[in-house]
file coords09.cif (mmCIF, C-alpha atoms and all ligand atoms)
data_run
loop_
_atom_site.label_atom_id
_atom_site.label_comp_id
_atom_site.auth_asym_id
_atom_site.auth_seq_id
_atom_site.Cartn_x
_atom_site.Cartn_y
_atom_site.Cartn_z
CA MET A 1 -14.76 -49.12 18.09
CA ARG A 2 -15.04 -49.51 14.36
CA ALA A 3 -16.65 -52.93 13.99
CA ASP A 4 -19.55 -54.75 15.57
CA LEU A 5 -18.84 -58.44 15.13
CA HIS A 6 -22.11 -59.77 16.57
CA ALA A 7 -25.52 -58.83 15.14
CA HIS A 8 -28.63 -60.76 14.16
CA THR A 9 -30.98 -60.43 11.18
CA THR A 10 -34.28 -61.99 10.21
CA TYR A 11 -32.29 -65.06 9.18
CA SER A 12 -32.51 -65.92 12.87
CA ASP A 13 -34.17 -63.83 15.59
CA GLY A 14 -33.09 -60.33 14.52
CA SER A 15 -34.30 -57.51 12.26
CA PRO A 16 -34.14 -56.87 8.49
CA LEU A 17 -30.58 -56.70 7.24
CA PRO A 18 -30.85 -53.22 5.62
CA GLU A 19 -32.20 -51.80 8.89
CA MET A 20 -29.38 -53.38 10.89
CA CYS A 21 -26.84 -51.93 8.42
CA ARG A 22 -28.36 -48.47 8.67
CA ALA A 23 -28.21 -48.66 12.47
CA ALA A 24 -24.53 -49.66 12.34
CA GLU A 25 -23.84 -46.69 10.05
CA ALA A 26 -25.79 -44.35 12.33
CA ALA A 27 -23.73 -45.59 15.28
CA GLY A 28 -20.57 -44.56 13.41
CA LEU A 29 -19.23 -48.04 12.67
CA ASP A 30 -17.15 -48.98 9.63
CA ALA A 31 -18.06 -52.66 9.71
CA VAL A 32 -20.72 -55.04 10.93
CA GLY A 33 -20.82 -58.83 10.97
CA PHE A 34 -24.09 -60.72 10.73
CA THR A 35 -23.90 -63.70 12.99
CA ASP A 36 -27.27 -65.35 12.80
CA HIS A 37 -27.79 -68.39 14.98
CA LEU A 38 -26.66 -71.62 13.42
CA ILE A 39 -27.30 -75.04 14.89
CA VAL A 40 -25.57 -77.81 12.97
CA VAL A 41 -27.11 -80.75 14.80
CA ASP A 42 -30.46 -80.97 16.52
CA ASP A 43 -30.41 -80.15 20.19
CA ASP A 44 -32.76 -81.37 22.87
CA PHE A 45 -34.51 -78.03 23.02
CA GLY A 46 -36.03 -77.88 19.54
CA ARG A 47 -34.34 -74.66 18.61
CA ARG A 48 -33.09 -75.82 15.23
CA GLU A 49 -36.63 -75.32 13.88
CA ARG A 50 -36.28 -71.61 14.55
CA TYR A 51 -32.58 -71.26 13.80
CA HIS A 52 -32.27 -72.69 10.33
CA LEU A 53 -29.27 -70.84 8.92
CA VAL A 54 -27.85 -74.22 7.88
CA GLU A 55 -30.57 -74.23 5.23
CA THR A 56 -30.78 -70.49 4.52
CA TYR A 57 -27.22 -69.17 4.67
CA GLU A 58 -26.87 -69.14 0.88
CA ARG A 59 -29.98 -66.99 0.57
CA ARG A 60 -28.68 -64.66 3.26
CA ARG A 61 -25.33 -64.53 1.47
CA GLU A 62 -27.08 -63.37 -1.71
CA ALA A 63 -28.95 -60.73 0.30
CA ILE A 64 -25.67 -59.50 1.82
CA GLU A 65 -24.01 -59.41 -1.60
CA ARG A 66 -26.94 -57.44 -3.06
CA PHE A 67 -26.75 -54.97 -0.22
CA ARG A 68 -22.99 -54.34 -0.23
CA PRO A 69 -22.98 -51.84 -3.15
CA ARG A 70 -25.58 -49.77 -1.27
CA THR A 71 -23.42 -49.12 1.79
CA ASP A 72 -19.96 -47.91 2.73
CA LEU A 73 -19.95 -50.42 5.57
CA THR A 74 -17.91 -53.58 5.40
CA VAL A 75 -20.56 -56.26 5.85
CA TRP A 76 -19.38 -59.67 6.97
CA ASP A 77 -21.23 -62.87 6.24
CA ALA A 78 -20.76 -64.73 9.53
CA ALA A 79 -22.56 -67.05 11.94
CA GLU A 80 -23.04 -67.61 15.65
CA VAL A 81 -22.68 -71.35 15.93
CA SER A 82 -23.96 -73.21 18.95
CA TYR A 83 -21.13 -75.41 20.22
CA VAL A 84 -22.14 -79.02 20.78
CA ALA A 85 -19.39 -81.20 22.21
CA ASP A 86 -20.33 -84.45 20.50
CA ALA A 87 -20.88 -82.79 17.11
CA GLU A 88 -17.43 -81.34 16.52
CA ALA A 89 -16.78 -83.34 13.34
CA GLU A 90 -20.14 -82.43 11.75
CA THR A 91 -19.65 -78.82 12.76
CA ALA A 92 -16.17 -78.72 11.22
CA ASP A 93 -17.45 -80.26 7.97
CA PHE A 94 -20.37 -77.89 7.70
CA LEU A 95 -18.32 -74.78 8.47
CA ALA A 96 -15.66 -75.80 5.94
CA SER A 97 -18.29 -76.19 3.23
CA ALA A 98 -20.22 -73.02 4.12
CA GLY A 99 -17.15 -70.72 4.08
CA PHE A 100 -18.36 -67.91 6.33
CA ASP A 101 -16.16 -64.82 6.66
CA TYR A 102 -15.78 -65.82 10.31
CA THR A 103 -17.67 -67.68 13.02
CA ILE A 104 -18.57 -67.05 16.63
CA GLY A 105 -18.78 -70.20 18.74
CA SER A 106 -21.24 -69.88 21.62
CA VAL A 107 -22.37 -72.24 24.32
CA HIS A 108 -26.15 -71.90 24.58
CA PHE A 109 -26.84 -75.36 25.95
CA ALA A 110 -24.78 -78.29 27.24
CA GLY A 111 -26.04 -81.73 28.14
CA GLU A 112 -29.35 -81.30 29.92
CA TYR A 113 -28.76 -77.61 30.57
CA ASP A 114 -30.33 -74.81 28.57
CA TYR A 115 -28.63 -71.47 29.28
CA THR A 116 -31.02 -69.27 27.31
CA THR A 117 -33.88 -69.30 29.78
CA ALA A 118 -34.02 -69.04 33.56
CA ALA A 119 -37.11 -71.24 33.68
CA GLY A 120 -35.35 -74.48 34.61
CA TYR A 121 -33.33 -73.01 37.49
CA ALA A 122 -35.91 -71.25 39.66
CA ASP A 123 -36.35 -74.23 41.98
CA ALA A 124 -32.78 -75.51 41.77
CA SER A 125 -30.63 -75.78 44.88
CA GLU A 126 -27.41 -73.83 45.25
CA ALA A 127 -25.43 -76.97 44.45
CA GLU A 128 -27.49 -77.58 41.33
CA ARG A 129 -26.99 -74.01 40.18
CA ARG A 130 -23.26 -74.28 40.72
CA ALA A 131 -23.23 -77.58 38.79
CA ALA A 132 -25.04 -75.90 35.87
CA VAL A 133 -22.44 -73.12 35.77
CA GLU A 134 -19.55 -75.58 36.06
CA ARG A 135 -20.97 -77.52 33.12
CA TYR A 136 -21.10 -74.26 31.19
CA VAL A 137 -17.46 -73.51 31.86
CA ASP A 138 -16.47 -77.04 30.82
CA ALA A 139 -18.28 -76.54 27.51
CA VAL A 140 -16.69 -73.13 26.95
CA VAL A 141 -13.21 -74.55 27.50
CA ALA A 142 -14.02 -77.41 25.12
CA ALA A 143 -15.32 -74.93 22.52
CA VAL A 144 -12.06 -72.98 22.71
CA GLU A 145 -9.93 -76.12 22.58
CA SER A 146 -11.88 -77.41 19.55
CA GLU A 147 -10.38 -74.55 17.47
CA LEU A 148 -13.59 -74.65 15.45
CA PHE A 149 -14.37 -70.97 15.80
CA ASP A 150 -12.69 -67.61 15.24
CA VAL A 151 -14.48 -65.90 18.11
CA LEU A 152 -15.78 -67.13 21.47
CA GLY A 153 -19.21 -65.63 22.22
CA HIS A 154 -20.49 -64.29 25.57
CA LEU A 155 -18.23 -66.52 27.68
CA ASP A 156 -20.28 -66.22 30.89
CA LEU A 157 -23.81 -66.46 29.52
CA PRO A 158 -25.28 -67.97 32.74
CA GLU A 159 -24.75 -64.55 34.34
CA ARG A 160 -27.72 -63.35 32.25
CA MET A 161 -30.09 -65.39 34.35
CA ALA A 162 -30.82 -64.32 37.92
CA PRO A 163 -30.88 -67.87 39.39
CA LEU A 164 -27.39 -68.62 38.02
CA ARG A 165 -25.85 -65.19 38.50
CA GLY A 166 -22.92 -65.06 40.89
CA HIS A 167 -22.30 -68.81 40.73
CA ALA A 168 -19.25 -68.44 38.48
CA ARG A 169 -15.96 -68.30 40.36
CA ARG A 170 -12.72 -66.57 39.66
CA SER A 171 -11.15 -69.99 38.98
CA ASP A 172 -13.72 -70.54 36.19
CA TYR A 173 -12.65 -67.36 34.45
CA GLU A 174 -9.02 -68.36 34.89
CA ARG A 175 -9.66 -71.72 33.24
CA VAL A 176 -11.24 -70.00 30.25
CA ALA A 177 -8.42 -67.45 30.11
CA VAL A 178 -5.77 -70.21 30.11
CA ALA A 179 -7.58 -72.03 27.28
CA LEU A 180 -7.83 -68.80 25.27
CA SER A 181 -4.17 -67.95 25.76
CA ASP A 182 -3.30 -71.30 24.11
CA SER A 183 -5.81 -70.90 21.27
CA ALA A 184 -6.35 -68.98 18.06
CA THR A 185 -9.91 -68.27 19.25
CA VAL A 186 -10.53 -64.67 20.31
CA PRO A 187 -13.16 -63.88 22.95
CA GLU A 188 -15.67 -61.09 22.59
CA ILE A 189 -16.79 -58.39 24.93
CA ASN A 190 -20.53 -58.89 24.46
CA ALA A 191 -23.12 -56.19 25.12
CA GLY A 192 -26.18 -58.44 24.86
CA ARG A 193 -27.51 -57.45 28.31
CA VAL A 194 -25.61 -54.24 28.93
CA HIS A 195 -28.85 -52.27 29.46
CA ASP A 196 -31.21 -55.03 30.49
CA SER A 197 -31.35 -57.71 33.17
CA LEU A 198 -27.58 -57.89 33.68
CA GLY A 199 -26.55 -54.25 33.35
CA ARG A 200 -22.97 -55.06 32.37
CA VAL A 201 -21.04 -56.67 29.55
CA HIS A 202 -19.84 -60.26 29.26
CA PRO A 203 -17.43 -61.31 30.62
CA ASP A 204 -17.99 -59.78 34.04
CA PRO A 205 -15.72 -56.69 34.08
CA ALA A 206 -14.70 -57.62 37.65
CA MET A 207 -13.06 -60.74 36.18
CA LEU A 208 -11.28 -59.01 33.31
CA ASP A 209 -7.89 -59.15 35.04
CA ALA A 210 -7.88 -62.94 34.68
CA PHE A 211 -7.72 -62.38 30.91
CA LEU A 212 -5.47 -59.34 30.86
CA GLU A 213 -2.89 -61.15 33.03
CA ARG A 214 -2.69 -63.82 30.32
CA ASP A 215 -2.46 -61.32 27.45
CA VAL A 216 -5.82 -62.32 26.05
CA SER A 217 -7.24 -59.68 23.73
CA PHE A 218 -10.86 -59.23 22.68
CA VAL A 219 -13.18 -58.26 19.86
CA LEU A 220 -16.41 -56.30 20.38
CA GLY A 221 -19.93 -57.53 19.72
CA THR A 222 -23.24 -55.85 20.55
CA ASP A 223 -25.35 -59.02 20.07
CA SER A 224 -28.06 -56.72 18.71
CA HIS A 225 -31.32 -58.03 17.35
CA SER A 226 -32.85 -54.66 16.45
CA PRO A 227 -31.62 -51.28 15.15
CA SER A 228 -32.41 -49.56 18.45
CA GLU A 229 -30.32 -52.12 20.35
CA SER A 230 -27.44 -51.50 17.98
CA GLU A 231 -27.67 -47.72 18.37
CA ARG A 232 -27.69 -47.93 22.17
CA ARG A 233 -25.19 -50.71 22.62
CA VAL A 234 -22.41 -49.45 20.35
CA PRO A 235 -21.63 -46.43 22.57
CA ALA A 236 -22.08 -48.52 25.74
CA LEU A 237 -19.69 -51.17 24.47
CA ARG A 238 -17.20 -48.55 23.33
CA ASP A 239 -17.30 -46.96 26.78
CA ALA A 240 -16.92 -50.31 28.57
CA ALA A 241 -13.87 -51.18 26.48
CA VAL A 242 -12.25 -47.78 27.00
CA GLU A 243 -13.00 -47.73 30.71
CA ARG A 244 -11.19 -51.01 31.34
CA ASP A 245 -8.55 -50.35 28.65
CA VAL A 246 -9.44 -53.69 27.04
CA PRO A 247 -6.78 -54.83 24.56
CA LEU A 248 -8.42 -55.31 21.17
CA ALA A 249 -7.38 -58.16 18.92
CA ASP A 250 -6.19 -57.41 15.42
CA PHE A 251 -9.11 -59.23 13.84
CA GLU A 252 -10.01 -58.32 10.28
CA PRO A 253 -11.99 -61.05 8.52
CA ALA A 254 -11.68 -61.18 4.74
CA VAL A 255 -14.94 -60.68 2.86
CA GLY A 256 -15.93 -63.73 0.82
CA ARG A 257 -12.98 -65.90 1.80
ZN ZN B 301 -25.61 -66.27 21.80
ZN ZN B 302 -26.08 -63.58 19.50
#
call {"tool": "encode", "arguments": {"input": "coords09.cif", "output": "structure tokens", "more": "lines below"}}
Ligand SMILES: [Zn+2]
Ligand SMILES: [Zn+2]
result
Amino acid sequence: MRADLHAHTTYSDGSPLPEMCRAAEAAGLDAVGFTDHLIVVDDDFGRRERYHLVETYERRREAIERFRPRTDLTVWDAAEVSYVADAEAETADFLASAGFDYTIGSVHFAGEYDYTTAAGYADASEAERRAAVERYVDAVVAAVESELFDVLGHLDLPERMAPLRGHARRSDYERVAVALSDSATVPEINAGRVHDSLGRVHPDPAMLDAFLERDVSFVLGTDSHSPSESERRVPALRDAAVERDVPLADFEPAVGR
């Protein structure tokens, strides 16, 4: 593993950029991509207030450019963009004007569902939980088919939340794998909960065959928000990829494209 394609700085909910770079260096990486949260259109959950990279990406870009001479790392100026189905045109326009080195497209919410907190699902019935996961998979397939993004983030995010865990089916993973095999979008192996609530990477390693059978290859992202997460997750992600012999995509974003 030479690159971590998914890390957050203080331009969203992460840690200072120099500290994140030093952690990537300490973990033995050659490259790190900063993918702060970016929400192009307002969602129903008020998160755009907190995730304002649309307004601050130029300032972050200057900070990255100032830092580059101080490190041997390749530092990518990237973004984790929340996919919103009815905002594809605005998203495309914004991303074309912003010119990030690459983008991760992630489904964090869809319709009335928020997939970043378990709060709304505690009292849900089994059928309601399954419906929430199905809606997630629909949105992931749409995100892939939109061809808006270079990378598909954490493709089974609902697994992070206990009430939704285990409600994804093999056929869901197969649908996503089919969409990916027809797309330029590359999925990530995401280590965002590799030590915490989930204890494994995304996607569920038990479902990896669905992707390997369709010759889908992956990139690696720790989804770190702090230096200590980066230092712990890089080796864990490396081990997970080696253990399952995950095919890695030849993905080398150009700096300042
Ligand atoms: Zn995310
Ligand atoms: Zn993230």
call {"tool": "residues_near_ligand", "arguments": {"input": "coords09.cif", "ligand": "ligand ZN 301 (chain B)", "cutoff": "7 Å", "atoms": "all atoms listed in the file", "output": "MDAnalysis selection string"}}
result
chainID A and resid 80 106 108 153:154
call {"tool": "residues_near_ligand", "arguments": {"input": "coords09.cif", "ligand": "ligand ZN 302 (chain B)", "cutoff": "8 Å", "atoms": "all atoms listed in the file", "output": "list in words"}}
result
His6, Ala7, His8, Thr35, Asp36, His37, Glu80, Gly153, Gly192, Asp223, Ser224 and His225 of chain A
call {"tool": "residues_around", "arguments": {"input": "coords09.cif", "residues": "Ala191 of chain A", "least_positions_apart": "3", "cutoff": "9 Å", "atoms": "only C-alpha atoms", "output": "list in words"}}
result
His154, Val194, His195, Arg200, Val201, His202, Leu220, Gly221, Thr222, Asp223, Ser224, Arg233, Val234, Ala236 and Leu237 of chain A
call {"tool": "residues_around", "arguments": {"input": "coords09.cif", "residues": "Phe45 of chain A", "least_positions_apart": "2", "cutoff": "10 Å", "atoms": "all atoms listed in the file", "output": "ChimeraX atom specification"}}
result
/A:42-43,47-49,109,112-114
call {"tool": "closest_residue", "arguments": {"input": "coords09.cif", "among": "A:Ser197, A:Thr116, A:Thr9, A:Ser97", "to": "Ser82 of chain A", "atoms": "only C-alpha atoms"}}
result
A:Thr116
call {"tool": "closest_residue", "arguments": {"input": "coords09.cif", "among": "A:Asp4, A:Glu58, A:Glu126, A:Glu188", "to": "Leu73 of chain A", "atoms": "all atoms listed in the file"}}
result
A:Asp4
call {"tool": "closest_residue", "arguments": {"input": "coords09.cif", "among": "A:Phe94, A:Tyr173, A:Tyr57, A:Phe218", "to": "Ile189 of chain A", "atoms": "all atoms listed in the file"}}
result
A:Phe218
call {"tool": "residues_around", "arguments": {"input": "coords09.cif", "residues": "Val137 of chain A", "least_positions_apart": "3", "cutoff": "8 Å", "atoms": "all atoms listed in the file", "output": "mmCIF file with C-alpha atoms, keeping the file's coordinate frame"}}
result
data_model
loop_
_atom_site.group_PDB
_atom_site.id
_atom_site.type_symbol
_atom_site.label_atom_id
_atom_site.label_comp_id
_atom_site.auth_asym_id
_atom_site.auth_seq_id
_atom_site.Cartn_x
_atom_site.Cartn_y
_atom_site.Cartn_z
ATOM 1 C CA VAL A 133 -22.440 -73.120 35.770
ATOM 2 C CA GLU A 134 -19.550 -75.580 36.060
ATOM 3 C CA VAL A 140 -16.690 -73.130 26.950
ATOM 4 C CA VAL A 141 -13.210 -74.550 27.500
ATOM 5 C CA ASP A 156 -20.280 -66.220 30.890
ATOM 6 C CA ASP A 172 -13.720 -70.540 36.190
ATOM 7 C CA VAL A 176 -11.240 -70.000 30.250
#
call {"tool": "atom_distance", "arguments": {"input": "coords09.cif", "atom1": "atom CA of Val186 of chain A", "atom2": "atom CA of Arg60 of chain A"}}
result
24.9 Å
